[in-house]
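> What follows is the file protein34.txt, containing compact mmCIF, C-alpha atoms:
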# COMPACT_ATOMS: atom_id res chain seq x y z
CA MET Y 1 -3.78 158.26 35.51
CA ALA Y 2 -7.18 159.70 34.83
CA ASN Y 3 -9.30 160.83 37.73
CA HIS Y 4 -11.26 157.90 39.12
CA ILE Y 5 -13.19 159.87 41.72
CA VAL Y 6 -16.86 159.89 40.81
CA GLY Y 7 -18.62 162.93 42.12
CA ALA Y 8 -22.17 164.16 42.22
CA THR Y 9 -21.93 165.69 38.75
CA GLY Y 10 -21.79 162.39 36.91
CA ARG Y 11 -19.39 163.94 34.42
CA THR Y 12 -17.94 161.23 32.25
CA VAL Y 13 -15.07 162.99 30.53
CA THR Y 14 -12.05 161.96 32.51
CA SER Y 15 -9.54 164.51 33.66
CA GLY Y 16 -6.00 164.34 34.80
CA PHE Y 17 -2.77 166.21 35.17
CA LEU Y 18 -0.15 166.83 32.55
CA LYS Y 19 2.38 164.01 32.31
CA SER Y 20 5.47 163.05 30.44
CA VAL Y 21 7.00 159.63 30.04
CA LEU Y 22 10.11 159.74 32.25
CA GLN Y 23 10.83 163.31 31.11
CA ASN Y 24 11.22 162.14 27.51
CA GLY Y 25 13.14 164.72 25.54
CA VAL Y 26 15.04 166.31 28.42
CA GLY Y 27 17.88 163.95 27.62
CA ARG Y 28 17.36 161.72 24.63
CA TYR Y 29 13.98 161.47 22.92
CA VAL Y 30 12.39 158.07 22.44
CA CYS Y 31 9.43 157.90 20.09
CA GLN Y 32 6.56 156.44 22.06
CA LEU Y 33 4.76 155.07 19.05
CA GLN Y 34 5.49 151.38 18.68
CA ARG Y 35 3.53 150.38 15.58
CA ILE Y 36 0.78 151.53 13.27
CA THR Y 37 -1.55 149.29 11.32
CA LEU Y 38 -3.30 150.69 8.27
CA LYS Y 39 -6.55 148.86 7.68
CA PHE Y 40 -8.59 149.70 4.60
CA CYS Y 41 -10.63 148.20 1.81
CA LYS Y 42 -8.94 147.65 -1.54
CA ALA Y 43 -12.10 148.29 -3.52
CA SER Y 44 -14.30 150.82 -1.71
CA GLY Y 45 -14.41 154.51 -2.54
CA GLN Y 46 -14.05 155.63 1.05
CA SER Y 47 -10.60 154.07 1.29
CA ARG Y 48 -9.32 155.95 -1.71
CA GLY Y 49 -7.29 158.38 0.35
CA VAL Y 50 -5.67 155.58 2.32
CA ARG Y 51 -4.77 153.72 -0.85
CA ASP Y 52 -3.28 156.92 -2.24
CA TYR Y 53 -1.34 157.36 0.99
CA VAL Y 54 -0.02 153.79 0.89
CA GLU Y 55 1.13 154.17 -2.72
CA ASN Y 56 2.76 157.56 -2.48
CA HIS Y 57 3.55 158.64 1.08
CA LEU Y 58 3.88 155.58 3.27
CA LEU Y 59 7.42 154.58 2.40
CA ASP Y 60 8.70 158.11 3.00
CA PHE Y 61 7.06 158.07 6.41
CA ALA Y 62 8.57 154.68 7.22
CA ALA Y 63 12.02 155.82 6.19
CA VAL Y 64 11.82 158.91 8.42
CA ASN Y 65 10.53 156.88 11.42
CA PRO Y 66 12.58 153.68 11.48
CA GLY Y 67 11.51 152.93 15.06
CA VAL Y 68 7.86 152.62 14.14
CA VAL Y 69 6.72 149.33 12.62
CA VAL Y 70 4.18 149.78 9.83
CA TYR Y 71 1.64 147.13 8.90
CA VAL Y 72 -0.58 147.43 5.83
CA THR Y 73 -3.49 144.97 5.97
CA PRO Y 74 -6.26 145.51 3.45
CA LYS Y 75 -9.51 143.78 4.33
CA PRO Y 76 -12.74 143.76 2.34
CA GLN Y 77 -15.64 145.95 3.50
CA ILE Y 78 -13.69 147.41 6.41
CA HIS Y 79 -13.89 151.07 7.42
CA ALA Y 80 -10.52 152.64 6.74
CA ARG Y 81 -8.55 153.30 9.89
CA VAL Y 82 -5.11 153.51 11.40
CA VAL Y 83 -4.51 151.72 14.69
CA ALA Y 84 -1.62 153.11 16.70
CA GLU Y 85 -0.04 151.16 19.55
CA TYR Y 86 2.19 152.87 22.06
CA LEU Y 87 4.99 151.64 24.28
CA ASN Y 88 2.79 151.84 27.38
CA GLY Y 89 0.15 149.61 25.79
CA GLU Y 90 -2.28 152.33 24.79
CA ILE Y 91 -4.15 151.61 21.55
CA HIS Y 92 -5.55 154.53 19.60
CA THR Y 93 -7.68 154.33 16.48
CA VAL Y 94 -8.26 157.08 13.94
CA PHE Y 95 -10.90 156.47 11.26
CA LEU Y 96 -9.78 157.56 7.82
CA ASP Y 97 -12.89 157.10 5.69
CA LYS Y 98 -13.21 159.77 2.99
CA LYS Y 99 -10.01 161.51 4.05
CA SER Y 100 -7.48 162.64 1.52
CA ALA Y 101 -3.89 161.47 1.54
CA GLU Y 102 -2.68 164.82 2.91
CA GLU Y 103 -5.13 164.67 5.82
CA ILE Y 104 -4.03 161.12 6.54
CA GLN Y 105 -0.43 162.26 6.56
CA GLN Y 106 -1.29 164.83 9.22
CA HIS Y 107 -3.19 162.31 11.32
CA VAL Y 108 -0.38 159.80 11.20
CA GLN Y 109 2.21 162.46 12.05
CA SER Y 110 0.19 163.57 15.05
CA LEU Y 111 0.14 159.95 16.20
CA VAL Y 112 3.93 159.86 16.03
CA TRP Y 113 4.26 162.97 18.16
CA ARG Y 114 1.97 161.70 20.92
CA SER Y 115 3.14 159.99 24.05
CA GLY Y 116 0.95 157.04 24.92
CA GLN Y 117 -0.80 158.94 27.73
CA PRO Y 118 -4.60 158.76 27.57
CA LEU Y 119 -6.41 161.77 26.17
CA VAL Y 120 -8.01 163.52 29.15
CA ARG Y 121 -9.05 166.99 30.11
CA LEU Y 122 -6.02 168.67 31.66
CA ARG Y 123 -6.72 170.16 35.03
CA LYS Y 124 -3.49 172.13 34.86
CA THR Y 125 -1.58 172.86 31.71
CA GLN Y 126 1.76 172.82 33.50
CA HIS Y 127 3.61 170.25 35.53
CA THR Y 128 7.01 170.28 37.15
CA GLU Y 129 8.95 167.91 39.37
CA ASN Y 130 10.72 170.86 41.02
CA PRO Y 131 8.12 173.47 41.95
CA SER Y 132 10.56 175.45 44.03
CA ILE Y 133 14.30 175.86 43.55
CA GLN Y 134 15.23 178.14 46.44
CA GLY Y 135 12.48 177.04 48.78
CA GLN Y 136 8.84 178.03 48.87
CA TRP Y 137 8.03 181.51 50.17
CA THR Y 138 6.75 181.87 53.69
CA PRO Y 139 5.92 185.14 55.42
CA PHE Y 140 9.24 184.87 57.19
CA THR Y 141 11.35 184.63 54.09
CA ASN Y 142 13.42 187.78 53.57
CA ARG Y 143 12.48 189.17 57.01
CA PRO Y 144 15.20 189.89 59.58
CA SER Y 145 15.15 187.14 62.14
CA ASN Y 146 15.33 189.37 65.26
CA THR Y 147 11.89 190.87 64.55
CA THR Y 148 10.19 187.69 63.63
CA ALA Y 149 11.38 185.25 66.29
CA ALA Y 150 8.62 186.09 68.75
CA LEU Y 151 5.99 186.02 66.02
CA GLU Y 152 7.21 182.65 64.85
CA GLU Y 153 6.99 181.24 68.37
CA LYS Y 154 3.45 182.51 68.71
CA LEU Y 155 2.44 180.98 65.39
CA LYS Y 156 3.97 177.67 66.37
CA SER Y 157 2.08 177.61 69.62
CA LEU Y 158 -1.16 178.41 67.84
CA ALA Y 159 -0.55 175.63 65.33
CA LYS Y 160 -0.24 173.00 68.07
CA MET B 1 6.57 128.66 -25.39
CA ALA B 2 3.90 130.43 -23.41
CA ALA B 3 2.38 127.20 -22.09
CA PRO B 4 2.82 127.74 -18.34
CA LEU B 5 1.15 131.16 -18.53
CA ALA B 6 -1.44 130.34 -21.19
CA GLY B 7 -4.46 130.24 -18.90
CA LYS B 8 -3.56 133.46 -17.15
CA THR B 9 -2.70 135.29 -20.38
CA LEU B 10 -6.09 134.42 -21.81
CA PHE B 11 -7.83 135.74 -18.73
CA ARG B 12 -5.73 138.87 -18.69
CA ASN B 13 -6.77 139.75 -22.23
CA PHE B 14 -10.30 140.32 -21.05
CA PHE B 15 -9.02 143.14 -18.90
CA ALA B 16 -6.38 144.66 -21.18
CA LEU B 17 -7.47 148.06 -22.40
CA SER B 18 -6.83 147.54 -26.08
CA ARG B 19 -4.63 144.94 -27.70
CA LYS B 20 -3.94 147.13 -30.71
CA SER B 21 -2.57 149.81 -28.43
CA PHE B 22 0.43 147.62 -27.64
CA HIS B 23 1.98 148.63 -30.90
CA LEU B 24 0.69 152.14 -31.25
CA GLN B 25 1.86 153.61 -27.98
CA LYS B 26 5.41 154.00 -26.84
CA ALA B 27 4.79 152.79 -23.33
CA THR B 28 1.93 150.40 -22.74
CA VAL B 29 0.02 149.95 -19.54
CA CYS B 30 -0.99 146.58 -18.14
CA THR B 31 -4.06 146.79 -15.98
CA GLY B 32 -3.20 144.86 -12.87
CA SER B 33 -6.12 142.56 -12.36
CA ARG B 34 -5.99 140.50 -9.21
CA ALA B 35 -8.70 138.04 -8.31
CA TYR B 36 -9.86 140.41 -5.53
CA SER B 37 -11.42 143.12 -7.63
CA GLU B 38 -12.41 140.82 -10.49
CA GLY B 39 -14.94 138.90 -8.46
CA GLY B 40 -16.90 136.14 -10.14
CA GLY B 41 -19.38 136.30 -12.89
CA LEU B 42 -17.70 138.60 -15.40
CA LEU B 43 -17.98 136.14 -18.27
CA SER B 44 -21.47 135.15 -17.31
CA SER B 45 -22.52 138.79 -17.06
CA LEU B 46 -21.04 139.56 -20.48
CA PHE B 47 -22.07 136.51 -22.46
CA GLY B 48 -24.40 134.35 -20.45
CA GLY B 49 -28.02 134.86 -19.58
CA SER B 50 -29.37 134.47 -16.10
CA GLY B 51 -29.98 130.76 -16.64
CA ASP B 52 -26.46 129.93 -17.75
CA LYS B 53 -25.37 128.03 -14.66
CA GLU B 54 -22.83 125.86 -16.45
CA LEU B 55 -20.86 128.88 -17.54
CA ALA B 56 -20.98 130.41 -14.07
CA ALA B 57 -19.88 127.15 -12.48
CA ALA B 58 -17.02 126.72 -14.92
CA GLU B 59 -15.91 130.28 -14.36
CA GLN B 60 -16.06 129.83 -10.59
CA GLU B 61 -13.88 126.76 -10.93
CA ALA B 62 -11.39 128.68 -13.02
CA LEU B 63 -11.29 131.49 -10.48
CA ASP B 64 -10.71 129.04 -7.62
CA VAL B 65 -7.79 127.52 -9.47
CA LEU B 66 -6.41 130.95 -10.28
CA SER B 67 -6.71 132.15 -6.69
CA GLN B 68 -4.57 129.24 -5.55
CA ARG B 69 -1.70 130.24 -7.78
CA PRO B 70 1.13 132.31 -6.34
CA THR B 71 1.13 136.08 -6.77
CA ARG B 72 1.84 136.98 -10.36
CA LYS B 73 5.20 138.33 -11.36
CA SER B 74 5.34 141.95 -12.41
CA ARG B 75 4.78 142.52 -16.11
CA ALA B 76 7.00 145.60 -16.17
CA TYR B 77 9.50 145.70 -19.03
CA GLN B 78 12.19 148.14 -20.08
CA PRO B 79 13.95 147.59 -23.41
CA PRO B 80 17.68 146.89 -23.00
CA PRO B 81 20.10 149.40 -24.59
CA ASP B 82 21.64 146.86 -26.99
CA LEU B 83 18.31 145.52 -28.22
CA GLN B 84 18.95 146.28 -31.87
CA GLU B 85 22.39 144.63 -31.93
CA ARG B 86 21.04 141.48 -30.37
CA LEU B 87 18.18 141.18 -32.86
CA GLU B 88 20.61 141.86 -35.73
CA GLY B 89 22.72 139.00 -34.45
CA MET B 90 19.71 136.67 -34.37
CA ALA B 91 18.71 137.66 -37.89
CA ALA B 92 22.27 137.05 -39.07
CA GLU B 93 22.19 133.55 -37.61
CA ILE B 94 19.01 132.76 -39.49
CA ARG B 95 20.26 134.24 -42.77
CA GLY B 96 23.59 132.53 -42.38
CA GLY B 97 25.60 135.75 -42.29
CA PRO B 98 25.24 139.46 -41.45
CA THR B 99 22.97 141.34 -43.87
CA GLU B 100 21.88 144.94 -44.32
CA ASN B 101 18.25 143.92 -44.74
CA TRP B 102 18.10 142.16 -41.40
CA ARG B 103 14.84 143.93 -40.57
CA ASN B 104 13.14 142.27 -43.51
CA VAL B 105 14.17 138.76 -42.49
CA SER B 106 10.93 136.86 -42.29
CA VAL B 107 9.82 134.99 -39.17
CA GLU B 108 6.61 133.66 -40.64
CA ASN B 109 7.91 130.10 -40.78
CA ILE B 110 6.50 128.52 -37.62
CA SER B 111 9.68 126.87 -36.44
CA THR B 112 11.73 130.03 -37.12
CA LYS B 113 9.18 132.10 -35.25
CA PHE B 114 9.26 129.73 -32.31
CA GLN B 115 13.05 129.73 -32.17
CA VAL B 116 13.36 133.48 -32.43
CA LEU B 117 10.56 134.47 -30.05
CA SER B 118 11.41 131.92 -27.38
CA ARG B 119 15.01 133.09 -27.47
CA CYS B 120 13.85 136.68 -27.15
CA TYR B 121 11.77 135.69 -24.15
CA LYS B 122 14.75 134.05 -22.50
CA GLU B 123 17.07 136.98 -23.16
CA PHE B 124 14.78 139.93 -22.44
CA GLY B 125 12.36 138.40 -19.93
CA HIS B 126 9.37 139.75 -21.87
CA GLU B 127 7.12 137.52 -23.92
CA VAL B 128 4.98 138.20 -26.95
CA PRO B 129 1.33 137.63 -26.00
CA ASN B 130 -0.56 135.00 -27.96
CA ALA B 131 -2.70 137.55 -29.74
CA GLU B 132 0.37 139.30 -31.14
CA LEU B 133 2.00 136.20 -32.56
CA ALA B 134 0.18 136.55 -35.86
CA ASN B 135 1.47 140.11 -36.21
CA MET B 136 5.11 139.03 -35.97
CA LYS B 137 6.04 138.69 -39.63
CA THR B 138 9.49 140.20 -39.90
CA PHE B 139 12.29 141.21 -37.61
CA GLN B 140 11.05 144.77 -37.88
CA ASP B 141 7.84 143.73 -36.09
CA VAL B 142 9.85 141.94 -33.40
CA LEU B 143 11.99 145.04 -32.94
CA GLU B 144 8.93 147.28 -32.63
CA PHE B 145 7.42 145.00 -30.03
CA TYR B 146 10.52 144.79 -27.90
CA LYS B 147 11.09 148.50 -28.11
CA THR B 148 7.83 149.32 -26.34
CA ALA B 149 8.24 149.58 -22.56
CA VAL B 150 5.50 148.24 -20.28
CA VAL B 151 4.51 149.89 -17.01
CA ASP B 152 2.90 147.55 -14.52
CA ASN B 153 0.19 149.41 -12.70
CA ASP B 154 -0.46 146.74 -10.12
CA VAL B 155 0.29 148.64 -6.98
CA TYR B 156 1.34 145.72 -4.90
CA ASN B 157 3.98 144.60 -7.37
CA GLN B 158 5.31 148.13 -7.57
CA LEU B 159 5.46 148.33 -3.80
CA ILE B 160 7.24 145.05 -3.23
CA GLU B 161 9.66 145.71 -6.04
CA LYS B 162 10.92 148.83 -4.39
CA ASP B 163 13.33 148.16 -1.57
CA LEU B 164 10.97 148.18 1.36
CA PRO B 165 12.47 149.56 4.56
CA PRO B 166 12.76 146.88 7.26
CA ASN B 167 10.01 148.39 9.40
CA VAL B 168 7.31 148.02 6.73
CA ASN B 169 5.24 144.87 6.47
CA ILE B 170 2.66 144.78 3.69
CA GLN B 171 0.18 141.93 4.10
CA TRP B 172 -1.62 142.52 0.86
CA ASP B 173 -3.31 139.11 0.57
CA ALA B 174 -4.00 138.51 4.24
CA TYR B 175 -7.79 138.73 3.95
CA ASP B 176 -8.35 137.78 0.34
CA HIS B 177 -10.11 134.60 1.46
CA LEU B 178 -12.89 136.81 2.80
CA VAL B 179 -13.72 138.33 -0.57
CA LYS B 180 -17.32 137.55 -1.41
CA LYS B 181 -17.70 135.91 -4.78
CA ASP B 182 -21.22 136.85 -5.75
CA SER B 183 -22.44 136.39 -9.32
Represent the structure of the file as structure tokens.

Amino acid sequence: MANHIVGATGRTVTSGFLKSVLQNGVGRYVCQLQRITLKFCKASGQSRGVRDYVENHLLDFAAVNPGVVVYVTPKPQIHARVVAEYLNGEIHTVFLDKKSAEEIQQHVQSLVWRSGQPLVRLRKTQHTENPSIQGQWTPFTNRPSNTTAALEEKLKSLAK
Amino acid sequence: MAAPLAGKTLFRNFFALSRKSFHLQKATVCTGSRAYSEGGGLLSSLFGGSGDKELAAAEQEALDVLSQRPTRKSRAYQPPPDLQERLEGMAAEIRGGPTENWRNVSVENISTKFQVLSRCYKEFGHEVPNAELANMKTFQDVLEFYKTAVVDNDVYNQLIEKDLPPNVNIQWDAYDHLVKKDS
């Protein structure tokens, strides 16, 4: 989840750590996009790209992604957009006014590739469930035990 | 013959590009005109002045009635491969026997014309519009008409006619009731 700690900076852009949905893709891959709804105006000039997309590219997209439900709902005077809903309940909207059909294709494809995780600043660009395979290094790793026993005892006593 | 579609055909003719072009071009194009983009007030803007409220009211009524009708069937038409044989057969029936001059067999007699053209409509699924009826004088004219293919440019009809994959749901008319009808 995004960072809920509010500090003295008042910074509003939320941050978080890199996440995957149950390690999606390690075994099988499940597309996290549940449905997309294309909303546009049938008559306005700004929706021209979306109308072009619906006529020429939408059915190909739907055939390639059978797990994504596609709704096409034209509405008068509306700003053209695509509303994407993910399996975790996240709803993401991309406005498509004045975009060409090719640009819309790219936007929709990027929606397919996303997991439903919220878009936050990543504090670290890596994450792993198993940070150490052989055990994390300590100063006593790889040192012969007869020279380090006394030192270890001393360190333990200091730690108490 | 064209009674059930008479009102709609009349309205459509206002939006057809050119009626003469039906014969001249090989493939004709029907402009798909749904009530959405038509809006109200076309007739009144073309023929009526600003004070012509009767015309506007009548047109509004007509549009309301039209908007309640079900979605129109696609007007697309492709001529069948055995078109000529079928028309020859019809001409032979009228003449009383097969002839070489079947193309010149006249259909100007009203009852003959009705019989022939209504049968053509039944068999080919494509009807002669009212404006073209006067041009149908011989079987040659009928053949010319039924040879020309028609491409329906109404996007929605094209979309629903294709086999939609099961994950696509097109709600084309969902918000048509919100269309503002301003004169």
> Just give me the gap between atom CA of Glu153 of chain Y and atom CA of Gly135 of chain Y in Å, one decimal is fine.
20.8 Å
> Smallest atom-to-atom distance to chain B: which of Y:Arg121, Y:Lys75, Y:Arg48, Y:His57, using all atoms listed in the file?
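Comparing Y:Arg121, Y:Lys75, Y:Arg48, Y:His57 against chain B, the winner is Y:Lys75.
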> Within 6 Å of chain Y, which residues of chain B are there when counting all atoms listed in the file? Please give them as a list in words.
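Contact residues on the first chain: Asn167, Val168, Asn169, Ile170, Gln171, Trp172 and Tyr175 of chain B.
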> Please list as a PyMOL selection string every residue within 6 Å of segment 88-101 of chain Y, counting all atoms listed in the file and excluding residues in the same chain fewer than 3 positions away.
chain Y and resi 46-47+49+52-53+80-85+104+116
> How far is it from atom CA of Thr128 of chain Y to atom CA of Thr12 of chain Y, in Å with one decimal?
27.0 Å
> For a quick check of understanding, using all atoms listed in the file, which of Y:His79, Y:Lys160, Y:Arg123, Y:Arg114 has the smallest distance to Ser20 of chain Y?
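Closest to Ser20 of chain Y of all the choices is Y:Arg114.
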> To one decimal in Å, tell me the separation between atom CA of Leu164 of chain B and atom CA of Phe40 of chain Y.
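Straight-line distance from atom CA of Leu164 of chain B to atom CA of Phe40 of chain Y works out to 19.9 Å.
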> I want to know what sits within 10 Å of Val30 of chain Y, based on all atoms listed in the file, with residues of the same chain fewer than 6 positions away left out; could you give that as a compact mmCIF listing (two decimals) with C-alpha atoms, in the coordinates of the input?

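Just written: around_18.txt:
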# COMPACT_ATOMS: atom_id res chain seq x y z
CA VAL Y 21 7.00 159.63 30.04
CA ASN Y 24 11.22 162.14 27.51
CA GLY Y 67 11.51 152.93 15.06
CA LEU Y 87 4.99 151.64 24.28
CA SER Y 115 3.14 159.99 24.05
